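Accompanying notes for the structure given below.
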Amino acid sequence: MNKSNFLKKYGSWAIVTGATDGLGKQFAEQLAEIGFNLVIVARRKNLLDGLSKRLNETYKVECLAIDLDLSANDAVGLLYEKTNHLDIGLIVAAAGFGTSANLIEADIKLEKQLIDLNCRCLMEMSHVYGKKFTAQKRGGMILISSLLGFHGAFGTANYAASKAYVQALGEALYFELKKHKVDVLTVAPGPINTGFAATAGMQFSMALKPENVARESLASLGKKITLLPGFLSKFLYLSLYPLVFRNLKVMVMGMVMKTMIKKTWLNLKK
Ligand SMILES: NC(=O)c1ccc[n+]([C@@H]2O[C@H](COP(=O)([O-])OP(=O)(O)OC[C@H]3O[C@@H](n4cnc5c(N)ncnc54)[C@H](OP(=O)(O)O)[C@@H]3O)[C@@H](O)[C@H]2O)c1
């Protein structure tokens, strides 16, 4: 689909969460380049304001920066209130984070915040904007799961489980909303070179470029249910999934994660 068709199909405003870094920032950049006015959401107000100014100057689009902790209980309600007057046609839910620790050793407050952001916020956004898009018979949603969402991964159990939730949610919403002319794409990437690894206490020796993941995701919206972006995600998925029993996958992915998780964060021998 060319840029003007894309804008016509979903335009004229898009919401991008997690826009201050990584994938969200790339989505915001590429959507502004297409011509979408943007609502950008994250917690760091200075970064949001800087991005908003730059996108406005570079692409001549309107930009509304909303600093919000999306893991808070009332966050999605507030976001909806602040955006309901706009012609929103697309949401990209890229805010999310990971952790690495055996669950019994983890900071339970942080793990609960992870569920609130990665799962509850996404479900609530899908609910309110799904209703809006259904009523207007036009809309698109991009949800970000992970390759870890296809099975358990010890050392990052809660994060992997949160992404299983996103994957299942997105796959089902694709069918629930398709008949209302609303497209849902779930993106399940392997490692990407963003701020994610540092936050999660991981390090990646190979990683996808966030700009490529964002580009492939936008190109796949309305065409696929799930996207495994880039060669790396497809390779990791295909080398494990068709051939290996589920229990073995958990073991293999746990071993892979062990090489990625920084020793200071995790002692799997305990
Ligand atoms: N990078 C990877 O290897 C990888 C692989 C598979 C899936 N993913 C998924 O991709 C998504 C994007 O991650 P990323 O790689 O782009 O990570 P990132 O570079 O760390 O960006 C995360 C974004 O989320 C925002 N955020 C974090 N907590 C928030 C909160 N409580 N409220 C509002 N915004 C919040 C951050 O902004 P503020 O700090 O300013 O709030 C930031 O803009 C996540 O769902 C992640 O799980 C990433």
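Every chain in the structure tokens takes a letter, A first, then B, and so on in the order presented; its residues are numbered from 1, and the ligands are numbered from 1 following the presented order.
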
- request: Tell me which protein, DNA and RNA residues are within 8 Å of segment 31-39 of chain A, counting only C-alpha atoms, leaving out same-chain ones fewer than 4 positions away, and put them as a ChimeraX atom specification.
  value: /A:3-4,7,11-16,27,55,59,61-66,83

Store the residues picked out above, limited to N, CA, C and O atoms, as an mmCIF file, in the first residue's frame.
data_model
loop_
_atom_site.group_PDB
_atom_site.id
_atom_site.type_symbol
_atom_site.label_atom_id
_atom_site.label_comp_id
_atom_site.auth_asym_id
_atom_site.auth_seq_id
_atom_site.Cartn_x
_atom_site.Cartn_y
_atom_site.Cartn_z
ATOM 1 N N LYS A 3 1.769 5.383 0.531
ATOM 2 C CA LYS A 3 1.600 6.193 1.736
ATOM 3 C C LYS A 3 0.244 6.892 1.793
ATOM 4 O O LYS A 3 -0.392 6.955 2.847
ATOM 5 N N SER A 4 -0.214 7.416 0.643
ATOM 6 C CA SER A 4 -1.475 8.168 0.695
ATOM 7 C C SER A 4 -2.664 7.223 0.924
ATOM 8 O O SER A 4 -3.615 7.564 1.607
ATOM 9 N N LEU A 7 -2.687 6.437 4.632
ATOM 10 C CA LEU A 7 -3.234 7.581 5.379
ATOM 11 C C LEU A 7 -4.750 7.634 5.220
ATOM 12 O O LEU A 7 -5.486 7.891 6.178
ATOM 13 N N GLY A 11 -6.194 7.226 8.547
ATOM 14 C CA GLY A 11 -5.960 8.601 8.999
ATOM 15 C C GLY A 11 -7.113 9.197 9.758
ATOM 16 O O GLY A 11 -8.170 8.608 9.850
ATOM 17 N N SER A 12 -6.887 10.402 10.331
ATOM 18 C CA SER A 12 -5.725 11.220 10.126
ATOM 19 C C SER A 12 -4.819 11.346 11.354
ATOM 20 O O SER A 12 -3.740 11.919 11.285
ATOM 21 N N TRP A 13 -5.261 10.786 12.483
ATOM 22 C CA TRP A 13 -4.429 10.812 13.690
ATOM 23 C C TRP A 13 -4.063 9.394 14.114
ATOM 24 O O TRP A 13 -4.878 8.475 14.015
ATOM 25 N N ALA A 14 -2.833 9.244 14.617
ATOM 26 C CA ALA A 14 -2.398 7.957 15.177
ATOM 27 C C ALA A 14 -1.888 8.183 16.597
ATOM 28 O O ALA A 14 -1.305 9.235 16.888
ATOM 29 N N ILE A 15 -2.101 7.196 17.454
ATOM 30 C CA ILE A 15 -1.515 7.235 18.808
ATOM 31 C C ILE A 15 -0.354 6.250 18.848
ATOM 32 O O ILE A 15 -0.502 5.098 18.442
ATOM 33 N N VAL A 16 0.790 6.714 19.304
ATOM 34 C CA VAL A 16 1.927 5.810 19.488
ATOM 35 C C VAL A 16 2.347 5.865 20.958
ATOM 36 O O VAL A 16 2.732 6.931 21.455
ATOM 37 N N PHE A 27 8.213 4.150 15.055
ATOM 38 C CA PHE A 27 6.832 4.192 14.533
ATOM 39 C C PHE A 27 6.382 5.646 14.396
ATOM 40 O O PHE A 27 5.783 6.032 13.382
ATOM 41 N N LEU A 55 9.156 16.478 14.995
ATOM 42 C CA LEU A 55 8.239 15.901 13.995
ATOM 43 C C LEU A 55 7.395 16.992 13.349
ATOM 44 O O LEU A 55 7.149 16.979 12.142
ATOM 45 N N TYR A 59 8.036 17.274 9.442
ATOM 46 C CA TYR A 59 7.004 16.699 8.568
ATOM 47 C C TYR A 59 5.735 17.547 8.487
ATOM 48 O O TYR A 59 4.777 17.156 7.819
ATOM 49 N N VAL A 61 3.423 17.998 10.616
ATOM 50 C CA VAL A 61 2.223 17.340 11.160
ATOM 51 C C VAL A 61 1.961 17.888 12.555
ATOM 52 O O VAL A 61 2.865 18.392 13.214
ATOM 53 N N GLU A 62 0.699 17.757 13.001
ATOM 54 C CA GLU A 62 0.387 18.152 14.375
ATOM 55 C C GLU A 62 0.829 17.041 15.321
ATOM 56 O O GLU A 62 0.752 15.851 14.979
ATOM 57 N N CYS A 63 1.267 17.442 16.490
ATOM 58 C CA CYS A 63 1.761 16.448 17.430
ATOM 59 C C CYS A 63 1.305 16.804 18.845
ATOM 60 O O CYS A 63 1.561 17.913 19.308
ATOM 61 N N LEU A 64 0.623 15.887 19.495
ATOM 62 C CA LEU A 64 0.174 16.105 20.864
ATOM 63 C C LEU A 64 0.966 15.162 21.763
ATOM 64 O O LEU A 64 0.877 13.941 21.627
ATOM 65 N N ALA A 65 1.764 15.765 22.651
ATOM 66 C CA ALA A 65 2.597 14.946 23.549
ATOM 67 C C ALA A 65 1.885 14.778 24.883
ATOM 68 O O ALA A 65 1.494 15.765 25.503
ATOM 69 N N ILE A 66 1.694 13.542 25.297
ATOM 70 C CA ILE A 66 1.011 13.282 26.575
ATOM 71 C C ILE A 66 1.937 12.449 27.467
ATOM 72 O O ILE A 66 2.242 11.292 27.153
ATOM 73 N N THR A 83 -7.948 12.349 24.007
ATOM 74 C CA THR A 83 -7.821 12.133 22.559
ATOM 75 C C THR A 83 -9.170 11.920 21.858
ATOM 76 O O THR A 83 -9.207 11.805 20.633
#

- prompt: Using only C-alpha atoms, which residues sit within 10 Å of Ala219 of chain A once same-chain residues fewer than 5 positions away are excluded, as a ChimeraX atom specification?
  reply: /A:1-3,6,213-214,224

Next, the residues of the selection above should be written as a short mmCIF file (atom, residue, chain, number, x, y, z; two decimals), in the first residue's frame with N, CA and C atoms.
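So selection-v6.cif came out as:
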data_model
loop_
_atom_site.label_atom_id
_atom_site.label_comp_id
_atom_site.auth_asym_id
_atom_site.auth_seq_id
_atom_site.Cartn_x
_atom_site.Cartn_y
_atom_site.Cartn_z
N MET A 1 0.85 -1.20 0.00
CA MET A 1 0.00 0.00 0.00
C MET A 1 0.88 1.25 0.00
N ASN A 2 0.52 2.23 -0.87
CA ASN A 2 1.34 3.42 -0.84
C ASN A 2 0.93 4.34 0.32
N LYS A 3 1.77 5.38 0.53
CA LYS A 3 1.60 6.19 1.74
C LYS A 3 0.24 6.89 1.79
N PHE A 6 -2.50 4.50 2.67
CA PHE A 6 -2.37 4.12 4.08
C PHE A 6 -3.00 5.20 4.97
N VAL A 213 11.96 -2.95 11.88
CA VAL A 213 10.79 -3.62 12.48
C VAL A 213 9.55 -2.74 12.30
N ALA A 214 9.71 -1.45 12.54
CA ALA A 214 8.56 -0.52 12.39
C ALA A 214 8.09 -0.51 10.94
N LYS A 224 -1.58 -9.35 7.56
CA LYS A 224 -1.19 -10.53 8.34
C LYS A 224 -1.85 -10.49 9.70
#

- prompt: Counting only C-alpha atoms, which of A:Thr134, A:Thr156, A:Thr20, A:Thr194 gets nearest to Val182 of chain A?
  reply: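 Checking each of A:Thr134, A:Thr156, A:Thr20, A:Thr194 against Val182 of chain A, counting only C-alpha atoms, the winner is A:Thr134.
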
- request: Go through A:Glu29, A:Lys223, A:Met141, A:Arg44 and flag the residue nearest Thr58 of chain A, using only C-alpha atoms for the distances.
  value: A:Glu29

- request: Using only C-alpha atoms and all ligand atoms, determine which residues fall within 7 Å of ligand 1, then list them as a PyMOL selection string.
  value: chain A and resi 17-25+41-44+68-71+94-98+117-118+144-147+188-197+199

statement: Of A:Met206, A:Phe245, A:Val250, A:Lys60, the one nearest to Phe231 of chain A when counting only C-alpha atoms is A:Met206

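Nearest residue to Ser100 of chain A among A:Ala28, A:Met253, A:Met202, A:Cys121 is A:Met202, counting only C-alpha atoms.
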
- prompt: Looking at A:Ala101, A:Ala168, A:Leu110, A:Leu177, which one is nearest to Lys132 of chain A, with distances taken over only C-alpha atoms?
  reply: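 Once distances to Lys132 of chain A are computed over only C-alpha atoms, the minimum belongs to A:Leu177.
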
Residue nearest Val184 of chain A - candidates A:Glu111, A:Glu57, A:Glu171, A:Asp116, atoms counted: only C-alpha atoms: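 Between A:Glu111, A:Glu57, A:Glu171, A:Asp116, the residue approaching Val184 of chain A most closely is A:Glu171.
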
- request: Please return as a PyMOL selection string: the residues of segment 145-250 of chain A that backbone DSSP assigns to alpha helix (DSSP H).
  value: chain A and resi 157-178+196-200+210-220+230-240+246-250

task: Considering only C-alpha atoms, return as a list in words whatever protein or nucleic-acid residues lie within 12 Å of Leu173 of chain A, sequence-local ones (same chain, fewer than 5 positions apart) excluded.
output: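 Everything that qualifies: Leu122, Met123, Ser126, His127, Gly130, Lys131, Thr134, Gly140, Met141, Ile142, Leu143, Val166, Gln167, Ala168, Lys178, Lys179, His180, Lys181, Val182, Asp183, Val184, Leu185, Thr186, Ile225 and Thr226 of chain A.
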
Just to be explicit: take each residue in the selection above, keep N, CA and C atoms, and write the result as a compact mmCIF listing (two decimals), in the first residue's frame.
# COMPACT_ATOMS: atom_id res chain seq x y z
N LEU A 122 -2.81 -2.62 27.50
CA LEU A 122 -3.04 -3.00 26.11
C LEU A 122 -4.47 -3.48 25.88
N MET A 123 -4.95 -4.28 26.86
CA MET A 123 -6.31 -4.79 26.77
C MET A 123 -7.31 -3.63 26.82
N SER A 126 -7.21 -1.60 23.64
CA SER A 126 -7.90 -2.34 22.57
C SER A 126 -9.41 -2.22 22.74
N HIS A 127 -9.86 -2.21 24.00
CA HIS A 127 -11.29 -2.12 24.28
C HIS A 127 -11.84 -0.76 23.85
N GLY A 130 -10.91 0.07 20.16
CA GLY A 130 -11.60 -0.92 19.33
C GLY A 130 -13.06 -0.53 19.13
N LYS A 131 -13.69 -0.05 20.22
CA LYS A 131 -15.09 0.40 20.12
C LYS A 131 -15.20 1.61 19.20
N THR A 134 -14.63 0.53 15.63
CA THR A 134 -15.78 -0.25 15.16
C THR A 134 -16.91 0.70 14.75
N GLY A 140 -6.95 0.76 12.77
CA GLY A 140 -5.87 -0.22 12.81
C GLY A 140 -5.21 -0.23 14.18
N MET A 141 -4.75 -1.40 14.57
CA MET A 141 -4.04 -1.53 15.86
C MET A 141 -2.80 -2.39 15.65
N ILE A 142 -1.69 -1.91 16.18
CA ILE A 142 -0.49 -2.73 16.17
C ILE A 142 -0.10 -3.01 17.62
N LEU A 143 -0.07 -4.30 17.96
CA LEU A 143 0.30 -4.72 19.31
C LEU A 143 1.66 -5.41 19.23
N VAL A 166 -0.31 -10.99 25.21
CA VAL A 166 -0.45 -10.05 24.08
C VAL A 166 -0.67 -10.81 22.78
N GLN A 167 0.10 -11.89 22.60
CA GLN A 167 0.00 -12.67 21.36
C GLN A 167 -1.41 -13.25 21.21
N ALA A 168 -1.91 -13.84 22.32
CA ALA A 168 -3.25 -14.45 22.26
C ALA A 168 -4.32 -13.38 22.07
N LYS A 178 -12.06 -7.73 12.49
CA LYS A 178 -11.95 -7.76 11.03
C LYS A 178 -13.30 -7.43 10.36
N LYS A 179 -14.38 -8.02 10.92
CA LYS A 179 -15.70 -7.82 10.30
C LYS A 179 -16.18 -6.36 10.44
N HIS A 180 -15.53 -5.59 11.31
CA HIS A 180 -15.88 -4.17 11.46
C HIS A 180 -14.91 -3.27 10.70
N LYS A 181 -14.13 -3.86 9.82
CA LYS A 181 -13.15 -3.14 9.01
C LYS A 181 -12.02 -2.54 9.86
N VAL A 182 -11.70 -3.23 10.94
CA VAL A 182 -10.59 -2.78 11.79
C VAL A 182 -9.48 -3.83 11.70
N ASP A 183 -8.29 -3.38 11.34
CA ASP A 183 -7.15 -4.29 11.19
C ASP A 183 -6.36 -4.38 12.49
N VAL A 184 -5.99 -5.61 12.87
CA VAL A 184 -5.15 -5.81 14.05
C VAL A 184 -3.93 -6.62 13.64
N LEU A 185 -2.77 -6.12 13.96
CA LEU A 185 -1.52 -6.85 13.68
C LEU A 185 -0.77 -7.06 14.99
N THR A 186 -0.36 -8.29 15.23
CA THR A 186 0.50 -8.56 16.38
C THR A 186 1.91 -8.81 15.85
N ILE A 225 -1.88 -11.66 10.36
CA ILE A 225 -2.35 -11.69 11.75
C ILE A 225 -1.15 -11.42 12.67
N THR A 226 -0.09 -12.16 12.41
CA THR A 226 1.13 -12.01 13.21
C THR A 226 2.31 -11.79 12.29

query: What is the distance between atom CA of Gly155 of chain A and atom CA of Asp107 of chain A, in Å to one decimal?
result: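 Atom CA of Gly155 of chain A sits 13.3 Å away from atom CA of Asp107 of chain A.
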
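Note that the spacing between atom CA of Gly89 of chain A and atom CA of Lys137 of chain A amounts to 9.7 Å.
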
Distance of atom CA of Phe235 of chain A from atom CA of Leu218 of chain A, expressed in Å to one decimal place: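 Pair atom CA of Leu218 of chain A / atom CA of Phe235 of chain A returns 20.9 Å.
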
message: Let's see if you can do this: from backbone DSSP, list all strand (DSSP E) residues in segment 7-253 of chain A, as number ranges by chain.
response: A: 13-17, 37-42, 63-67, 88-93, 139-144, 182-187, 226-227
